[in-house]
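What follows is a single structure, written as structure tokens, with notes after it.
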Amino acid sequence: MKQKLFSKDFTLVVIGQIISLFGNATIRFALPLYLLNLTGSSALFGTVTACAFLPAVLLSPVGGIVADRVNKRNIMVILDFVTAAVILLFLLLMGGNHLILLLTVTLMLLYGIAGAYQPAVQASIPALVEQTHFMAANSIINTIGSFASLAGPMLGGVLYSTCGLEPVLWVCILCFFLSAVMELFIRIPFRKQASGGGIFQTVRADFGESIRFIRKEKPVIGKGVLAVCGINLFLSAMIIVALPYLVTEVLDLDASRSNRLYGFAQGALAAGGLAGGIGAGIFAGRLKIRKAGRLIIACAASTFPMGLSLLLFSSGPVNYVVMTICCFVIMVFSTMFSVQMMAFIQTETPQNLVGKVIAVIITVSMCAQPLGNALYGVLFEVCRGFEYAVVLFSGFMSMVIAMRAKRIFREL
């Protein structure tokens, strides 16, 4: 039997997510920045972050299948403990040789764990709240993620700038350990599903069932996800690579404060996500899936002021402020779209498929991210002095995809 929105178990999920996602945001901020500070190469930065995304893409469908066949609470607990162990191992080994290889492997492990973890969280929502609360519950989870992403980089940037990497790593280890302990007390309704044969046959059958559902019964979901995939390729990847590279290596800013300023810029992204999550909750009754394409158009349009500022102004502080504001606006609209899309999927998908379908959607939408990271790492390296051209290219391609997405959602 489903409970009210803020039942004990959903509240524990929320608290666990606050702690875990804060640690996640902090470690994802600190390790790539550490790599960029060591090398100063956008191409290497883009390549390493691209490699880091690959395990997340590969493990998301596995995480969705496991989420429908194993108690979701156990998945969260085990993966949080494993994440703490991975960071501790990196801390113990970082003084040796081959640091770049160690950083790459560690990031791949962390992104892979997150890829397997997130479907369990999203799939637990229909098991814990009523259908009428899906939009609000998703808004809460997204708001938590955005708040953690706001606090993590900002506090991590201050701690990293003043004390170095090691204290940041110890804070992250503590976060994941506490989150795992908190999640031990969650009870999520679970019904074991029948398994047809060995693990590989089960994975293939479950994955095929999810693909058939998306293609045959709800094709608009598949079309929408492909549009998101394109936006990730041309817009999300650009921001992931551009923000640290431009702030710490290109813009004429105080070198002693550049890492901290990058943390504040990351905080602006998270603040936009926080505002978008709150807005999605407040306007849940007014957000119609037919109009979701407008939100993607707004995201694409917000990249053009960034490129034009880089073209027209040489002032580092001016470009930094424009970039930070644009990133905030992009995250407001993208988060509202994500909340709306996830609530639509959870409403339209049968309970026994929701974890697998969400995992497939996450996998497909993320598959372009590694390619995009590598692409923009090379483009920024090649276009030194003409970074505005790369940003404007991103805006143009994103707008083309957004206009197509608007027509897709209008068909609903």
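We name chains A, B, ... following the order of the structure tokens; residues begin at 1 in each chain, and ligands are numbered from 1 as shown.
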*Tell me which protein, DNA and RNA residues are within 10 Å of stretch 9-13 of chain A, counting only C-alpha atoms, leaving out same-chain ones fewer than 5 positions away, and put them as an MDAnalysis selection string.*
chainID A and resid 3:4 18 73 76 121 124:125 127:129 137 141 179 182:188
Preceding selection exported with C-alpha atoms as an mmCIF file, in the first residue's frame:
data_model
loop_
_atom_site.group_PDB
_atom_site.id
_atom_site.type_symbol
_atom_site.label_atom_id
_atom_site.label_comp_id
_atom_site.auth_asym_id
_atom_site.auth_seq_id
_atom_site.Cartn_x
_atom_site.Cartn_y
_atom_site.Cartn_z
ATOM 1 C CA GLN A 3 1.918 6.064 1.642
ATOM 2 C CA LYS A 4 1.456 9.813 1.821
ATOM 3 C CA ILE A 18 20.788 15.133 0.702
ATOM 4 C CA ARG A 73 17.051 0.017 -0.280
ATOM 5 C CA MET A 76 21.400 2.330 -2.250
ATOM 6 C CA VAL A 121 16.139 6.099 -6.401
ATOM 7 C CA SER A 124 11.487 3.840 -5.487
ATOM 8 C CA ILE A 125 9.206 6.888 -5.885
ATOM 9 C CA ALA A 127 6.605 2.444 -4.491
ATOM 10 C CA LEU A 128 6.531 5.084 -1.758
ATOM 11 C CA VAL A 129 4.071 7.801 -2.867
ATOM 12 C CA ALA A 137 8.123 13.802 -5.282
ATOM 13 C CA ILE A 141 14.383 14.752 -5.396
ATOM 14 C CA SER A 179 24.164 8.156 3.808
ATOM 15 C CA MET A 182 20.816 6.337 7.114
ATOM 16 C CA GLU A 183 19.440 4.210 4.284
ATOM 17 C CA LEU A 184 19.626 1.028 6.371
ATOM 18 C CA PHE A 185 16.431 2.178 8.127
ATOM 19 C CA ILE A 186 14.362 2.641 4.935
ATOM 20 C CA ARG A 187 11.611 0.146 4.076
ATOM 21 C CA ILE A 188 10.653 0.051 0.402
#
_A:Ile362 surroundings by only C-alpha atoms, 10 Å radius, close-in-sequence under 4 positions cut, as JSON, numbers by chain_ = {"A": [56, 57, 60, 61, 64, 115, 118, 119, 225, 228, 229, 356, 357, 358, 366, 367]}
Write a file of the selected residues as a compact mmCIF listing (two decimals), in the first residue's frame, keeping N, CA, C and O atoms.
# COMPACT_ATOMS: atom_id res chain seq x y z
N ALA A 56 28.90 4.93 -16.66
CA ALA A 56 27.55 5.34 -16.30
C ALA A 56 26.56 4.95 -17.39
O ALA A 56 25.45 4.48 -17.11
N VAL A 57 26.97 5.14 -18.65
CA VAL A 57 26.10 4.76 -19.77
C VAL A 57 25.88 3.25 -19.79
O VAL A 57 24.76 2.78 -20.01
N SER A 60 23.84 2.00 -16.33
CA SER A 60 22.48 2.46 -16.04
C SER A 60 21.41 1.41 -16.36
O SER A 60 20.51 1.19 -15.54
N PRO A 61 21.45 0.74 -17.53
CA PRO A 61 20.43 -0.29 -17.77
C PRO A 61 20.53 -1.45 -16.80
O PRO A 61 19.52 -2.01 -16.38
N GLY A 64 18.88 -0.37 -13.65
CA GLY A 64 17.42 -0.41 -13.75
C GLY A 64 16.87 -1.81 -13.62
O GLY A 64 15.84 -2.04 -12.96
N GLY A 115 25.61 5.79 -12.05
CA GLY A 115 24.71 5.32 -13.10
C GLY A 115 23.85 4.16 -12.66
O GLY A 115 22.68 4.06 -13.05
N GLN A 118 21.19 5.69 -9.53
CA GLN A 118 20.06 6.60 -9.76
C GLN A 118 18.76 5.91 -10.15
O GLN A 118 17.69 6.33 -9.70
N PRO A 119 18.79 4.85 -11.00
CA PRO A 119 17.51 4.18 -11.31
C PRO A 119 16.81 3.63 -10.07
O PRO A 119 15.57 3.61 -10.02
N VAL A 225 13.41 11.31 -25.67
CA VAL A 225 14.73 10.96 -25.15
C VAL A 225 15.82 11.21 -26.20
O VAL A 225 16.92 11.66 -25.88
N VAL A 228 16.62 14.79 -26.09
CA VAL A 228 17.47 15.07 -24.92
C VAL A 228 18.91 14.63 -25.18
O VAL A 228 19.87 15.30 -24.78
N CYS A 229 19.07 13.50 -25.88
CA CYS A 229 20.39 13.00 -26.23
C CYS A 229 21.14 14.04 -27.07
O CYS A 229 22.33 14.30 -26.85
N LYS A 356 13.42 -0.40 -15.08
CA LYS A 356 14.11 -0.73 -16.33
C LYS A 356 13.93 0.38 -17.37
O LYS A 356 14.87 0.73 -18.08
N VAL A 357 12.72 0.90 -17.49
CA VAL A 357 12.45 1.95 -18.49
C VAL A 357 13.23 3.22 -18.15
O VAL A 357 13.84 3.84 -19.03
N ILE A 358 13.24 3.60 -16.87
CA ILE A 358 14.01 4.78 -16.46
C ILE A 358 15.49 4.59 -16.75
O ILE A 358 16.18 5.50 -17.23
N MET A 366 22.26 9.75 -21.87
CA MET A 366 23.64 10.03 -21.50
C MET A 366 24.65 9.56 -22.53
O MET A 366 25.82 9.93 -22.46
N CYS A 367 24.23 8.73 -23.49
CA CYS A 367 25.21 8.10 -24.38
C CYS A 367 25.97 9.12 -25.22
O CYS A 367 27.09 8.85 -25.65
*Nearest to A:Asp252: which of A:Ile361, A:Val318, A:Val400, A:Val354 is it, counting only C-alpha atoms?*
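Checking each of A:Ile361, A:Val318, A:Val400, A:Val354 against A:Asp252, counting only C-alpha atoms, the winner is A:Val318.
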Show which residues sit within 8 Å of A:Arg290, as a compact mmCIF listing (two decimals) with N, CA, C and O atoms, in the first residue's frame. Count only C-alpha atoms, and ignore same-chain residues fewer than 2 positions away.
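around_12.txt, written as the output of this step:
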# COMPACT_ATOMS: atom_id res chain seq x y z
N LYS A 288 2.33 21.26 -18.62
CA LYS A 288 1.76 20.28 -19.52
C LYS A 288 2.86 19.71 -20.41
O LYS A 288 3.68 20.46 -20.95
N ALA A 292 6.36 21.03 -23.25
CA ALA A 292 7.69 20.81 -22.70
C ALA A 292 8.79 21.29 -23.64
O ALA A 292 9.88 21.69 -23.21
N GLY A 293 8.51 21.27 -24.95
CA GLY A 293 9.52 21.71 -25.91
C GLY A 293 9.95 23.15 -25.73
O GLY A 293 11.08 23.52 -26.06
N PHE A 409 6.71 16.99 -28.77
CA PHE A 409 5.85 17.04 -27.59
C PHE A 409 4.48 17.64 -27.91
O PHE A 409 3.51 17.34 -27.22
N ARG A 410 4.41 18.47 -28.93
CA ARG A 410 3.13 19.06 -29.27
C ARG A 410 2.15 18.01 -29.81
O ARG A 410 0.94 18.21 -29.79
N GLU A 411 2.67 16.87 -30.26
CA GLU A 411 1.82 15.81 -30.78
C GLU A 411 1.03 15.09 -29.68
O GLU A 411 0.06 14.39 -29.95
N LEU A 412 1.45 15.25 -28.42
CA LEU A 412 0.77 14.55 -27.32
C LEU A 412 -0.63 15.12 -27.11
O LEU A 412 -0.79 16.33 -27.09
*asked:* Which residues are near stretch 253-266 of chain A? Cut-off 9 Å, only C-alpha atoms, ignore same chain within fewer than 2 positions. Put them as a ChimeraX atom specification.
replied: /A:29,33,37,149-150,152-158,160-161,243-244,247-251,268-271,315-317,320-321,323-325,327-328
_Rounded to one decimal, what separation in Å do you get between atom CA of A:Met331 and atom CA of A:Ala275?_
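Between atom CA of A:Met331 and atom CA of A:Ala275 the gap works out to 8.4 Å.
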*Long-range neighbours of A:Phe393 as a PyMOL selection string, 9 Å cut-off, only C-alpha atoms, 4 positions minimum in chain*: chain A and resi 234+307+388-389+397-398
The selected residues should be written to file as an mmCIF file, in the first residue's frame (atoms: N, CA, C and O atoms).
data_model
loop_
_atom_site.group_PDB
_atom_site.id
_atom_site.type_symbol
_atom_site.label_atom_id
_atom_site.label_comp_id
_atom_site.auth_asym_id
_atom_site.auth_seq_id
_atom_site.Cartn_x
_atom_site.Cartn_y
_atom_site.Cartn_z
ATOM 1 N N PHE A 234 25.282 18.564 -27.614
ATOM 2 C CA PHE A 234 25.694 19.890 -28.071
ATOM 3 C C PHE A 234 25.647 20.979 -26.999
ATOM 4 O O PHE A 234 26.353 21.987 -27.132
ATOM 5 N N GLY A 307 28.159 33.292 -25.835
ATOM 6 C CA GLY A 307 29.039 33.420 -26.990
ATOM 7 C C GLY A 307 29.239 34.857 -27.414
ATOM 8 O O GLY A 307 30.364 35.276 -27.740
ATOM 9 N N TYR A 388 34.489 31.897 -28.381
ATOM 10 C CA TYR A 388 33.104 32.311 -28.642
ATOM 11 C C TYR A 388 32.488 31.520 -29.786
ATOM 12 O O TYR A 388 31.280 31.247 -29.786
ATOM 13 N N ALA A 389 33.304 31.138 -30.788
ATOM 14 C CA ALA A 389 32.792 30.386 -31.933
ATOM 15 C C ALA A 389 32.279 29.018 -31.496
ATOM 16 O O ALA A 389 31.258 28.532 -32.000
ATOM 17 N N MET A 397 23.297 24.554 -32.824
ATOM 18 C CA MET A 397 22.909 23.147 -32.946
ATOM 19 C C MET A 397 21.823 22.789 -31.929
ATOM 20 O O MET A 397 20.891 22.029 -32.238
ATOM 21 N N SER A 398 21.941 23.334 -30.718
ATOM 22 C CA SER A 398 20.932 23.054 -29.682
ATOM 23 C C SER A 398 19.573 23.620 -30.075
ATOM 24 O O SER A 398 18.535 22.993 -29.817
#
*Would you mind reading off the distance between atom CA of A:Gly385 and atom CA of A:Cys51, one decimal, in Å?*
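These atoms are spaced 26.6 Å apart.
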*Top pick for closest residue to A:Thr363, considering A:Arg407, A:Ala242, A:Ala123, A:Pro55 and counting only C-alpha atoms*: A:Pro55
*Provide the atom CA of A:Leu308 to atom CA of A:Leu392 distance in Å, to one decimal place.*
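We find that atom CA of A:Leu308 and atom CA of A:Leu392 lie 7.7 Å from each other.
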*Rank nothing, just name the residue among A:Ala50, A:Ile297, A:Ala227, A:Ile330 nearest to A:Val364, using only C-alpha atoms.*
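Closest residue, counting only C-alpha atoms: A:Ala227.
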_Within 12 Å of A:Leu109 using only C-alpha atoms, minus same-chain residues under 5 positions, as a ChimeraX atom specification_ = /A:28,49,51-59,79,82-87,89-90,102-104,114-116
_Secondary structure check, alpha helix (DSSP H) residues of stretch 110-265 of chain A, as a ChimeraX atom specification_ = /A:110-128,134-163,165-183,199-212,219-231,237-245,258-265
